[in-house]
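Printed here is query.cif (mmCIF, C-alpha atoms):
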```
data_data
loop_
_atom_site.label_atom_id
_atom_site.label_comp_id
_atom_site.auth_asym_id
_atom_site.auth_seq_id
_atom_site.Cartn_x
_atom_site.Cartn_y
_atom_site.Cartn_z
CA MET A 738 86.79 104.86 68.05
CA LEU A 739 85.62 104.51 71.64
CA HIS A 740 81.99 104.56 70.47
CA ARG A 741 82.57 101.99 67.72
CA LEU A 742 84.07 99.25 69.90
CA PRO A 743 81.99 97.24 72.38
CA VAL A 744 82.68 98.13 75.99
CA GLU A 745 83.80 94.55 76.66
CA ILE A 746 86.59 94.87 74.06
CA ILE A 747 87.79 98.16 75.52
CA GLU A 748 87.81 96.70 79.03
CA ARG A 749 89.77 93.68 77.80
CA ILE A 750 92.39 95.92 76.21
CA ILE A 751 92.77 97.89 79.43
CA ASP A 752 92.89 94.64 81.40
CA LEU A 753 95.94 93.54 79.40
CA LEU A 754 97.73 96.68 80.61
CA ASP A 755 97.22 95.74 84.28
CA GLY A 756 100.41 96.68 86.16
CA ASP A 757 101.73 98.96 83.43
CA ILE A 758 101.00 102.26 85.17
CA PRO A 759 102.58 104.60 82.56
CA SER A 760 100.50 103.01 79.76
CA LEU A 761 97.34 103.11 81.85
CA ALA A 762 97.98 106.76 82.71
CA ALA A 763 98.45 107.55 79.01
CA CYS A 764 95.18 105.78 78.14
CA SER A 765 93.33 107.68 80.85
CA LEU A 766 94.28 110.94 79.11
CA THR A 767 93.01 109.94 75.66
CA CYS A 768 89.34 110.55 76.41
CA ARG A 769 86.98 111.10 79.31
CA GLY A 770 85.27 107.74 78.76
CA LEU A 771 88.46 105.77 79.49
CA LEU A 772 89.30 107.64 82.69
CA PRO A 773 87.20 105.60 85.18
CA ILE A 774 88.24 102.27 83.62
CA CYS A 775 91.93 103.18 83.82
CA ARG A 776 91.62 104.55 87.33
CA THR A 777 90.28 101.18 88.49
CA TYR A 778 93.67 99.65 87.67
CA ILE A 779 95.91 102.61 88.51
CA TRP A 780 94.59 103.18 92.02
CA ARG A 781 93.42 99.68 92.98
CA GLU A 782 96.57 99.00 95.04
CA VAL A 783 98.45 101.80 96.79
CA THR A 784 101.64 101.53 98.86
CA LEU A 785 102.45 104.38 101.25
CA SER A 786 105.24 104.82 103.77
CA MET A 787 105.28 106.47 107.19
CA LEU A 788 107.97 108.21 109.22
CA TYR A 789 107.37 108.89 112.91
CA GLU A 790 105.47 111.21 115.26
CA GLY A 791 102.70 111.68 112.72
CA GLN A 792 105.04 112.64 109.88
CA THR A 793 104.47 111.17 106.43
CA GLU A 794 106.88 110.62 103.58
CA THR A 795 106.78 113.01 100.59
CA ARG A 796 105.01 110.54 98.27
CA THR A 797 102.40 109.83 100.93
CA ALA A 798 101.78 113.54 101.42
CA ALA A 799 101.47 113.98 97.64
CA PHE A 800 98.87 111.20 97.46
CA PHE A 801 96.67 112.95 99.99
CA GLU A 802 97.06 116.26 98.25
CA LEU A 803 95.76 114.47 95.16
CA ILE A 804 92.66 113.02 96.82
CA ARG A 805 91.91 116.35 98.45
CA ALA A 806 91.95 117.93 95.00
CA ASP A 807 90.04 115.02 93.40
CA PRO A 808 88.14 112.99 96.04
CA ASP A 809 86.91 110.57 93.37
CA VAL A 810 90.39 108.98 93.24
CA ALA A 811 90.02 107.70 96.82
CA SER A 812 87.01 105.58 95.89
CA TYR A 813 89.15 103.40 93.60
CA VAL A 814 91.61 102.30 96.32
CA SER A 815 90.75 98.79 97.51
CA THR A 816 94.17 97.66 98.80
CA LEU A 817 96.49 99.77 100.97
CA SER A 818 99.98 98.72 102.08
CA LEU A 819 101.65 100.72 104.87
CA CYS A 820 105.34 100.35 105.65
CA PRO A 821 108.15 102.35 107.27
CA ASP A 822 109.94 104.90 105.14
CA ALA A 823 112.99 103.51 103.32
CA TYR A 824 115.23 105.89 105.31
CA LEU A 825 114.21 104.28 108.59
CA VAL A 826 114.84 100.80 107.19
CA GLU A 827 118.26 101.68 105.76
CA GLU A 828 119.38 103.36 108.98
CA GLY A 829 118.06 100.55 111.15
CA ILE A 830 115.74 102.94 113.01
CA PRO A 831 112.73 101.16 114.54
CA ALA A 832 109.54 102.37 112.89
CA PRO A 833 107.11 103.18 115.71
CA TRP A 834 103.45 102.35 115.36
CA ASP A 835 101.26 105.44 115.10
CA ARG A 836 97.57 104.54 115.13
CA ALA A 837 96.41 108.15 114.77
CA THR A 838 98.31 108.54 111.50
CA VAL A 839 96.97 105.21 110.25
CA ASN A 840 93.44 106.40 111.04
CA ASP A 841 94.06 109.59 109.05
CA ILE A 842 95.32 107.57 106.10
CA VAL A 843 92.49 105.03 106.09
CA ALA A 844 89.60 107.42 106.78
CA PRO A 845 89.38 109.02 103.26
CA LEU A 846 89.29 105.60 101.50
CA PRO A 847 85.61 104.54 101.49
CA ASN A 848 86.06 101.30 99.52
CA LEU A 849 89.19 99.98 101.20
CA ARG A 850 88.99 96.19 101.51
CA THR A 851 92.58 95.07 102.21
CA LEU A 852 95.03 96.61 104.69
CA ARG A 853 98.64 95.37 104.82
CA LEU A 854 101.06 96.47 107.53
CA TYR A 855 104.80 95.79 107.28
CA GLY A 856 107.71 96.25 109.68
CA PHE A 857 106.30 98.43 112.47
CA ARG A 858 107.32 98.39 116.16
CA GLY A 859 106.11 99.93 119.39
CA PRO A 860 104.39 99.14 122.67
CA GLU A 861 101.08 100.41 121.31
CA LEU A 862 101.01 97.61 118.73
CA CYS A 863 99.39 94.69 120.51
CA LEU A 864 96.69 92.10 119.94
CA TYR A 865 94.04 94.42 121.35
CA GLU A 866 95.10 97.07 118.82
CA LEU A 867 94.61 94.62 115.95
CA MET A 868 91.17 93.69 117.21
CA THR A 869 90.10 97.33 117.53
CA MET A 870 91.24 97.98 113.97
CA THR A 871 88.96 95.24 112.67
CA ARG A 872 86.11 96.96 114.51
CA ASP A 873 86.97 100.57 113.66
CA PHE A 874 87.67 100.05 109.96
CA PRO A 875 84.26 98.73 108.90
CA THR A 876 85.11 98.04 105.26
CA ILE A 877 88.30 96.02 105.88
CA GLU A 878 87.82 92.41 104.78
CA GLU A 879 91.50 91.41 104.82
CA LEU A 880 94.15 92.38 107.39
CA HIS A 881 97.70 91.28 106.65
CA VAL A 882 100.38 91.91 109.29
CA GLN A 883 103.96 91.01 108.36
CA ASP A 884 107.32 91.28 110.14
CA ILE A 885 105.83 93.36 112.93
CA ILE A 886 106.76 93.15 116.60
CA ILE A 887 103.55 92.74 118.57
CA ASP A 888 103.92 93.60 122.26
CA ASP A 889 103.00 90.43 124.18
CA SER A 890 103.24 92.24 127.54
CA ARG A 891 99.98 94.06 126.71
CA ASP A 892 97.93 90.93 126.27
CA PRO A 893 94.25 91.92 126.56
CA THR A 894 92.27 90.42 129.42
CA ASP A 895 88.94 88.70 128.93
CA THR A 896 87.34 91.85 130.35
CA ASP A 897 89.05 93.95 127.64
CA LEU A 898 87.86 91.60 124.93
CA MET A 899 84.31 91.42 126.26
CA SER A 900 84.20 95.21 126.37
CA LEU A 901 85.38 95.35 122.76
CA ARG A 902 82.89 92.69 121.74
CA SER A 903 80.02 94.62 123.27
CA THR A 904 80.66 97.74 121.20
CA GLY A 905 78.53 98.26 118.13
CA PRO A 906 75.10 96.86 117.28
CA PRO A 907 74.51 93.37 118.72
CA GLY A 908 74.76 90.50 116.28
CA VAL A 909 76.31 92.60 113.51
CA ARG A 910 79.27 90.89 111.85
CA TRP A 911 82.51 92.71 111.25
CA ALA A 912 83.67 92.79 107.64
CA LEU A 913 86.91 90.90 108.37
CA LYS A 914 87.17 87.65 106.39
CA LYS A 915 90.93 87.13 106.04
CA LEU A 916 93.55 87.56 108.77
CA ALA A 917 97.26 86.91 108.29
CA ILE A 918 100.01 87.41 110.88
CA VAL A 919 103.30 86.40 109.30
CA ALA A 920 106.90 86.84 110.45
CA THR A 921 110.17 85.20 109.43
CA GLY A 922 113.67 85.38 110.82
CA GLU A 923 114.45 87.22 114.03
CA ASP A 924 111.29 89.34 113.91
CA TYR A 925 109.21 86.58 115.42
CA ILE A 926 105.86 87.24 117.00
CA HIS A 927 105.53 85.71 120.44
CA THR A 928 103.65 82.44 119.98
CA TRP A 929 101.44 83.15 122.97
CA VAL A 930 100.10 86.14 121.05
CA LEU A 931 98.88 83.73 118.38
CA VAL A 932 97.41 81.39 120.97
CA ARG A 933 95.61 84.33 122.56
CA LEU A 934 94.44 85.43 119.13
CA VAL A 935 92.70 82.11 118.57
CA SER A 936 91.03 82.44 121.98
CA ALA A 937 89.83 85.92 121.02
CA LEU A 938 88.45 84.63 117.72
CA GLU A 939 86.47 82.01 119.62
CA LEU A 940 85.08 84.76 121.84
CA PHE A 941 84.15 86.87 118.81
CA ALA A 942 82.59 83.98 116.91
CA ASP A 943 79.34 85.89 116.37
CA ARG A 944 81.20 88.97 115.06
CA VAL A 945 84.06 87.51 113.00
CA HIS A 946 83.52 84.77 110.42
CA LEU A 947 86.96 84.09 108.98
CA GLU A 948 87.43 82.45 105.62
CA SER A 949 91.23 82.60 105.88
CA LEU A 950 93.53 82.47 108.92
CA ASP A 951 97.30 82.49 108.46
CA VAL A 952 99.36 82.55 111.67
CA ARG A 953 102.94 81.91 110.60
CA THR A 954 105.86 83.19 112.63
CA THR A 955 109.22 81.81 113.71
CA ILE A 956 108.90 79.87 116.96
CA HIS A 957 111.21 80.51 119.91
CA ARG A 958 113.07 77.46 121.23
CA TYR A 959 111.25 77.82 124.57
CA PHE A 960 108.03 76.60 122.99
CA CYS A 961 109.60 73.25 122.10
CA THR A 962 109.50 72.44 125.84
CA LEU A 963 105.89 73.32 126.66
CA THR A 964 103.75 70.33 127.57
CA GLU A 965 100.49 72.31 127.58
CA TRP A 966 99.58 73.87 124.26
CA PRO A 967 96.18 75.27 123.33
CA SER A 968 94.85 74.70 119.86
CA LEU A 969 95.84 77.02 117.03
CA VAL A 970 92.82 75.94 114.99
CA PRO A 971 89.70 77.92 115.97
CA THR A 972 86.78 75.52 116.27
CA SER A 973 84.32 78.37 115.75
CA ALA A 974 85.52 78.67 112.15
CA ALA A 975 84.87 75.01 111.33
CA SER A 976 82.06 75.79 108.90
CA CYS A 977 83.59 78.79 107.11
CA LEU A 978 87.40 78.47 107.07
CA ARG A 979 88.76 78.01 103.54
CA HIS A 980 92.47 78.63 104.16
CA PHE A 981 94.64 77.88 107.19
CA GLY A 982 98.35 78.56 107.67
CA VAL A 983 100.50 77.72 110.70
CA THR A 984 104.15 77.38 111.73
CA ILE A 985 105.44 74.14 113.21
CA ARG A 986 108.75 73.26 114.81
CA ASP A 987 110.15 70.13 116.44
CA VAL A 988 113.93 70.70 116.53
CA TYR A 989 116.09 72.60 119.01
CA PRO A 990 118.90 74.84 117.70
CA THR A 991 121.35 72.05 118.60
CA ARG A 992 119.48 69.72 116.18
CA GLU A 993 118.01 67.64 118.98
CA GLU A 994 114.47 66.49 118.44
CA SER A 995 111.70 67.65 120.77
CA THR A 996 109.26 64.80 121.37
CA VAL A 997 106.92 67.26 123.09
CA ALA A 998 106.86 69.49 119.98
CA GLN A 999 106.41 66.46 117.72
CA GLU A 1000 103.32 65.46 119.67
CA ARG A 1001 102.04 69.03 119.35
CA ILE A 1002 102.50 68.89 115.56
CA ARG A 1003 100.55 65.66 115.49
CA ARG A 1004 97.77 67.33 117.45
CA VAL A 1005 97.61 70.42 115.22
CA LEU A 1006 97.50 68.35 112.04
CA SER A 1007 95.03 65.83 113.45
CA GLU A 1008 92.62 68.69 114.20
CA LEU A 1009 92.49 69.75 110.55
CA PRO A 1010 89.70 67.32 109.56
CA GLN A 1011 87.38 69.35 111.79
CA HIS A 1012 87.55 71.97 109.03
CA ARG A 1013 86.25 69.99 106.08
CA PRO A 1014 85.57 73.12 103.96
CA LEU A 1015 89.35 73.83 103.86
CA ARG A 1016 90.57 74.33 100.32
CA SER A 1017 94.05 75.67 101.01
CA LEU A 1018 96.65 74.72 103.63
CA CYS A 1019 100.04 76.33 104.33
CA LEU A 1020 102.54 74.69 106.70
CA GLN A 1021 105.70 76.61 107.59
CA TYR A 1022 108.47 74.44 109.03
CA ASP A 1023 110.76 76.49 111.24
CA LEU A 1024 114.48 75.61 111.23
CA PHE A 1025 115.67 79.20 111.51
CA GLU A 1026 117.45 78.93 114.88
CA THR A 1027 118.84 75.53 113.86
CA PHE A 1028 120.34 77.20 110.80
CA LEU A 1029 121.92 79.97 112.89
CA PHE A 1030 123.43 77.41 115.28
CA ALA A 1031 124.76 75.35 112.36
CA CYS A 1032 126.39 78.45 110.84
CA HIS A 1033 128.30 79.09 114.07
CA ALA A 1034 129.23 75.40 114.43
CA HIS A 1035 130.45 75.16 110.80
CA PRO A 1036 131.76 78.64 109.95
CA ASP A 1037 133.60 77.44 106.83
CA ASP A 1038 130.64 75.61 105.27
CA ARG A 1039 128.21 77.77 103.31
CA PRO A 1040 125.55 76.60 103.69
CA PRO A 1041 126.37 74.36 106.65
CA PRO A 1042 125.63 70.64 106.25
CA TYR A 1043 121.97 69.84 106.75
CA PRO A 1044 121.01 67.84 109.80
CA PRO A 1045 118.99 64.63 109.67
CA LEU A 1046 115.45 65.90 110.16
CA PRO A 1047 113.15 64.14 112.63
CA SER A 1048 111.60 60.85 111.62
CA PRO A 1049 108.70 60.66 111.20
CA SER A 1050 108.72 64.12 109.69
CA PHE A 1051 105.79 66.51 109.81
CA LEU A 1052 105.10 65.48 106.21
CA ASP A 1053 104.71 61.87 107.38
CA VAL A 1054 102.23 63.01 110.04
CA LEU A 1055 100.29 64.98 107.41
CA SER A 1056 100.29 61.91 105.14
CA ASP A 1057 98.87 59.80 107.98
CA VAL A 1058 96.06 62.32 108.51
CA LEU A 1059 95.23 62.52 104.80
CA SER A 1060 95.32 58.74 104.27
CA ALA A 1061 93.41 57.74 107.42
CA PRO A 1062 90.67 55.15 106.76
CA GLY A 1063 87.18 56.39 106.07
CA GLU A 1064 86.08 59.57 104.36
CA PRO A 1065 88.88 61.88 103.09
CA ALA A 1066 90.11 64.16 105.88
CA LEU A 1067 89.99 67.31 103.73
CA PRO A 1068 87.76 66.45 100.76
CA ASN A 1069 87.86 69.97 99.29
CA LEU A 1070 91.64 70.49 99.47
CA GLU A 1071 92.88 72.19 96.32
CA ARG A 1072 96.20 73.75 97.31
CA LEU A 1073 99.08 72.89 99.66
CA SER A 1074 101.97 75.27 100.39
CA LEU A 1075 105.05 74.07 102.27
CA VAL A 1076 107.42 76.78 103.48
CA PHE A 1077 110.81 75.83 104.94
CA LEU A 1078 112.82 78.34 106.98
CA CYS A 1079 116.17 76.77 106.09
CA PRO A 1080 118.58 76.42 103.15
CA SER A 1081 117.07 74.61 100.19
CA ASP A 1082 119.73 71.85 100.43
CA TRP A 1083 118.36 70.78 103.79
CA ILE A 1084 115.01 69.53 102.55
CA ALA A 1085 116.58 66.99 100.17
CA CYS A 1086 116.47 64.42 103.00
CA LEU A 1087 112.66 64.48 102.87
CA HIS A 1088 112.51 62.46 99.65
CA THR A 1089 110.71 59.49 101.23
CA SER A 1090 108.31 61.76 103.07
CA PHE A 1091 107.34 63.50 99.82
CA GLN A 1092 106.70 60.10 98.24
CA ARG A 1093 104.30 59.24 101.07
CA LEU A 1094 102.57 62.59 100.72
CA ALA A 1095 102.14 62.04 96.99
CA ALA A 1096 100.63 58.61 97.63
CA ALA A 1097 98.12 60.18 100.04
CA LEU A 1098 97.13 63.09 97.80
CA VAL A 1099 97.36 61.84 94.22
CA GLY A 1100 97.47 58.03 94.58
CA THR A 1101 100.18 55.42 94.17
CA PRO A 1102 101.71 54.56 90.80
CA ASP A 1103 99.57 52.15 88.78
CA HIS A 1104 100.80 51.64 85.25
CA ALA A 1105 97.62 49.76 84.36
CA ARG A 1106 95.68 52.99 84.59
CA PRO A 1107 95.76 55.85 82.05
CA GLY A 1108 98.31 58.44 83.05
CA GLY A 1109 100.11 56.02 85.37
CA VAL A 1110 98.21 57.21 88.45
CA GLY A 1111 95.93 55.28 90.77
CA VAL A 1112 92.61 56.39 92.21
CA ARG A 1113 92.77 59.80 93.86
CA ARG A 1114 91.07 60.41 97.20
CA TYR A 1115 91.51 64.15 96.68
CA PRO A 1116 90.40 64.85 93.12
CA ALA A 1117 90.23 68.61 93.74
CA PHE A 1118 93.91 68.81 94.69
CA ALA A 1119 95.68 70.70 91.89
CA HIS A 1120 98.41 72.98 93.29
CA LEU A 1121 101.56 72.31 95.32
CA GLU A 1122 104.05 75.00 96.30
CA VAL A 1123 107.41 74.30 97.96
CA ARG A 1124 109.26 77.38 99.14
CA THR A 1125 112.43 78.07 101.16
CA VAL A 1126 113.04 81.35 102.98
CA ILE A 1127 116.48 82.02 104.44
CA VAL A 1128 118.28 84.40 102.08
CA GLU A 1129 118.14 87.48 104.34
CA ALA A 1130 119.79 85.54 107.15
CA VAL A 1131 122.43 84.43 104.63
CA ARG A 1132 123.09 88.06 103.72
CA VAL A 1133 123.40 89.18 107.34
CA LEU A 1134 125.68 86.29 108.34
CA TRP A 1135 127.86 86.01 105.26
CA GLY A 1136 127.58 89.29 103.37
CA ASP A 1137 126.26 90.28 99.95
CA GLU A 1138 128.90 88.40 97.95
CA ASP A 1139 128.16 85.02 99.55
CA LYS A 1140 124.46 85.76 99.32
CA GLU A 1141 124.74 86.15 95.54
CA GLU A 1142 126.77 82.95 95.31
CA TYR A 1143 124.12 81.15 97.36
CA LEU A 1144 121.33 82.42 95.12
CA ALA A 1145 123.28 81.41 92.01
CA ARG A 1146 123.25 77.79 93.21
CA GLN A 1147 119.50 77.61 93.57
CA ASP A 1148 118.73 76.64 89.97
CA ALA A 1149 120.93 73.56 90.32
CA VAL A 1150 119.43 72.68 93.71
CA LYS A 1151 115.94 73.01 92.28
CA ARG A 1152 116.75 70.87 89.23
CA ASP A 1153 118.83 68.15 90.90
CA LEU A 1154 117.36 67.87 94.42
CA ILE A 1155 113.89 69.37 94.75
CA LEU A 1156 112.05 68.63 91.49
CA PRO A 1157 112.94 64.88 91.48
CA MET A 1158 111.22 64.58 94.88
CA LEU A 1159 108.07 66.12 93.46
CA ALA A 1160 107.92 64.03 90.27
CA PRO A 1161 104.87 61.97 91.41
CA PHE A 1162 102.85 65.17 91.74
CA VAL A 1163 103.93 66.36 88.29
CA ARG A 1164 103.01 63.01 86.72
CA ALA A 1165 99.56 63.29 88.31
CA GLY A 1166 98.99 66.64 86.60
CA VAL A 1167 99.41 68.78 89.73
CA ASP A 1168 100.65 72.33 89.17
CA VAL A 1169 103.97 72.26 91.06
CA ARG A 1170 105.72 75.52 91.93
CA VAL A 1171 109.15 75.63 93.58
CA VAL A 1172 110.44 78.95 94.91
CA LEU A 1173 113.87 78.87 96.52
CA ASP A 1174 114.53 82.06 98.49
CA GLY A 1175 112.39 84.03 96.12
#
```

Starting from the coordinates I provided, produce the structure as structure tokens.
Amino acid sequence: MLHRLPVEIIERIIDLLDGDIPSLAACSLTCRGLLPICRTYIWREVTLSMLYEGQTETRTAAFFELIRADPDVASYVSTLSLCPDAYLVEEGIPAPWDRATVNDIVAPLPNLRTLRLYGFRGPELCLYELMTMTRDFPTIEELHVQDIIIDDSRDPTDTDLMSLRSTGPPGVRWALKKLAIVATGEDYIHTWVLVRLVSALELFADRVHLESLDVRTTIHRYFCTLTEWPSLVPTSAASCLRHFGVTIRDVYPTREESTVAQERIRRVLSELPQHRPLRSLCLQYDLFETFLFACHAHPDDRPPPYPPLPSPSFLDVLSDVLSAPGEPALPNLERLSLVFLCPSDWIACLHTSFQRLAAALVGTPDHARPGGVGVRRYPAFAHLEVRTVIVEAVRVLWGDEDKEEYLARQDAVKRDLILPMLAPFVRAGVDVRVVLDG
């Protein structure tokens, strides 16, 4: 039958099984001709775990036994996720960073394009280490670092960076196109590491041409007081950046507003029009420490009552930037993601701000026009995501039972509070996605 059906039909059938590993494995055994097609899906994404001192978990060891026996399997792996072994996580044992083991894992994978690192610790893990990985792993186009403690005490000097920059053939670009450093909750990455990262990217402008930069981490309260704040938007990427993500914060744990931080938010958002090719923007609004303080101040309220958020909100500032006179600030914007590190109830007070944002992105209501929508300055804009992330803090503070009760309320919060705020986007035909602690 394999010879009677066009190859396109066979590939479409296999494509429909994407993610169903048992079915794909069964198909790969039916005939030799299906083996390479099925392997493309089976081995495209691999997740392996590490222990410590060079030890690997049983499944990881079994994977490398497999590729030693059949090296062809390694060529199908394009995405690799590395994380601590489940035992270390359950026992609360810090998972130390072991670069030598990572090198051993990555080396046999000739077509690896995406490397994701989750939950590691250790003094060896610093900004300089991340930069050397982008140099030493020549096929890596996307590096995603999540919930990792990066040692800010080992900040590389300009001499270190210049030495790193000088290695390799002059003028040859590194493969890296997408870089994400993301942390939520207490595992924040020191903000100065991110500032230093942007400085390093400027220095490496001839080596690294990023299409996506996502630097989202919880912000320590100390940074609400800083009057001097370098840019988090690399000017060297103005012509190539397609996605940008950043965390913003303008409230102290005690709910007091920080005028200094508000001015910094205005600066970060006002710099966005320098990157006219941007198609995707993610803004993470950090109220994590404010939530912890509110839990201690209102121990009987779960969740605690939401505070009045600053006015104007960061959404109002974004609306001002997008609706400024003249040419559209981000003419190619297609997608906007808004992530709130707080209970979903808290963002209900942003109703007016969302109305302003809708007016800027999809136009004001005009019943004289078909569809009830006025002229759109951003015709490419088609996707809006609103997400809240706080459930793990809820579990730690209140326990599993209250966590489940909190999650059970989210459907009602989404229906009664969140979706009504986003109705103008829905009426304009925008694909609206709401994820509450998902």

* Contacts of Phe1118 in chain A at 9 Å or less, counting all atoms listed in the file, minus same-chain residues fewer than 2 places along, as an MDAnalysis selection string? -> chainID A and resid 1016 1068:1073 1098:1099 1115:1116 1120:1121 1167

* Residues returned when the PyMOL selection byres ((chain A and resi 989-1004) around 6) runs on this file, as a list in words -> Cys961, Asp987, Val988, Val1005, Leu1006, Ser1007, Glu1026, Thr1027 and Phe1030 of chain A

* **Spatial neighbours of Leu916 in chain A, 12 Å, only C-alpha atoms, chain gap at least 4 places, as a count of residues only** => 34

* Using CA of Leu785 in chain A and CA of Cys768 in chain A as the two end points, give the distance in Å to one decimal. =>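 Interatomic distance, CA of Leu785 in chain A to CA of Cys768 in chain A: 28.8 Å.
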
* Asked: Pick the closest to Gly856 in chain A from A:Cys1019, A:Ala920, A:Leu898, A:Leu913: which is it, counting only C-alpha atoms?
  -> A:Ala920

* For CA of Val983 in chain A and CA of Leu1059 in chain A, the interatomic separation in Å (one decimal) -> 17.1 Å

* Asked: In terms of the shortest atom-to-atom distance over all atoms listed in the file, which of A:Glu1064, A:Glu1141, A:Asp1053, A:Asp1148 is closest to Ala1095 in chain A?
  ->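 Nearest candidate to Ala1095 in chain A out of A:Glu1064, A:Glu1141, A:Asp1053, A:Asp1148: A:Asp1053.
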
* Asked: Do you have the CA of Ala798 in chain A-CA of Val814 in chain A distance handy?
  ->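 So the answer is 16.0 Å.
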
Mind checking which residues fall within 12 Å of Pro1062 in chain A, counting all atoms listed in the file, ignoring those fewer than 5 positions away in the same chain, and posting them as an mmCIF file with C-alpha atoms, in the coordinates of the input?
```cif
data_model
loop_
_atom_site.group_PDB
_atom_site.id
_atom_site.type_symbol
_atom_site.label_atom_id
_atom_site.label_comp_id
_atom_site.auth_asym_id
_atom_site.auth_seq_id
_atom_site.Cartn_x
_atom_site.Cartn_y
_atom_site.Cartn_z
ATOM 1 C CA SER A 1056 100.290 61.910 105.140
ATOM 2 C CA ASP A 1057 98.870 59.800 107.980
ATOM 3 C CA ALA A 1097 98.120 60.180 100.040
ATOM 4 C CA ARG A 1114 91.070 60.410 97.200
#
```

* Asked: Between A:Thr797, A:Arg858, A:Ile918, A:Thr876, which is the closest to Thr816 in chain A once you count all atoms listed in the file?
  ->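 Under the stated criterion, the closest residue is A:Thr876.
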
* **Evaluate the PyMOL selection byres ((chain A and resi 943) around 10) and report residues as a ChimeraX atom specification** => /A:902,907-911,938-942,944-946,973

Those same residues, written as a tab-separated table (two decimals), keeping the file's coordinate frame with C-alpha atoms?
```tsv
chain	number	residue	atom	x	y	z
A	902	ARG	CA	82.89	92.69	121.74
A	907	PRO	CA	74.51	93.37	118.72
A	908	GLY	CA	74.76	90.50	116.28
A	909	VAL	CA	76.31	92.60	113.51
A	910	ARG	CA	79.27	90.89	111.85
A	911	TRP	CA	82.51	92.71	111.25
A	938	LEU	CA	88.45	84.63	117.72
A	939	GLU	CA	86.47	82.01	119.62
A	940	LEU	CA	85.08	84.76	121.84
A	941	PHE	CA	84.15	86.87	118.81
A	942	ALA	CA	82.59	83.98	116.91
A	944	ARG	CA	81.20	88.97	115.06
A	945	VAL	CA	84.06	87.51	113.00
A	946	HIS	CA	83.52	84.77	110.42
A	973	SER	CA	84.32	78.37	115.75
```

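Using all atoms listed in the file, the residues found no farther than 8 Å from Ala1085 in chain A, other than those of its own chain fewer than 5 positions away, are Leu1154, Ile1155 and Met1158 of chain A.
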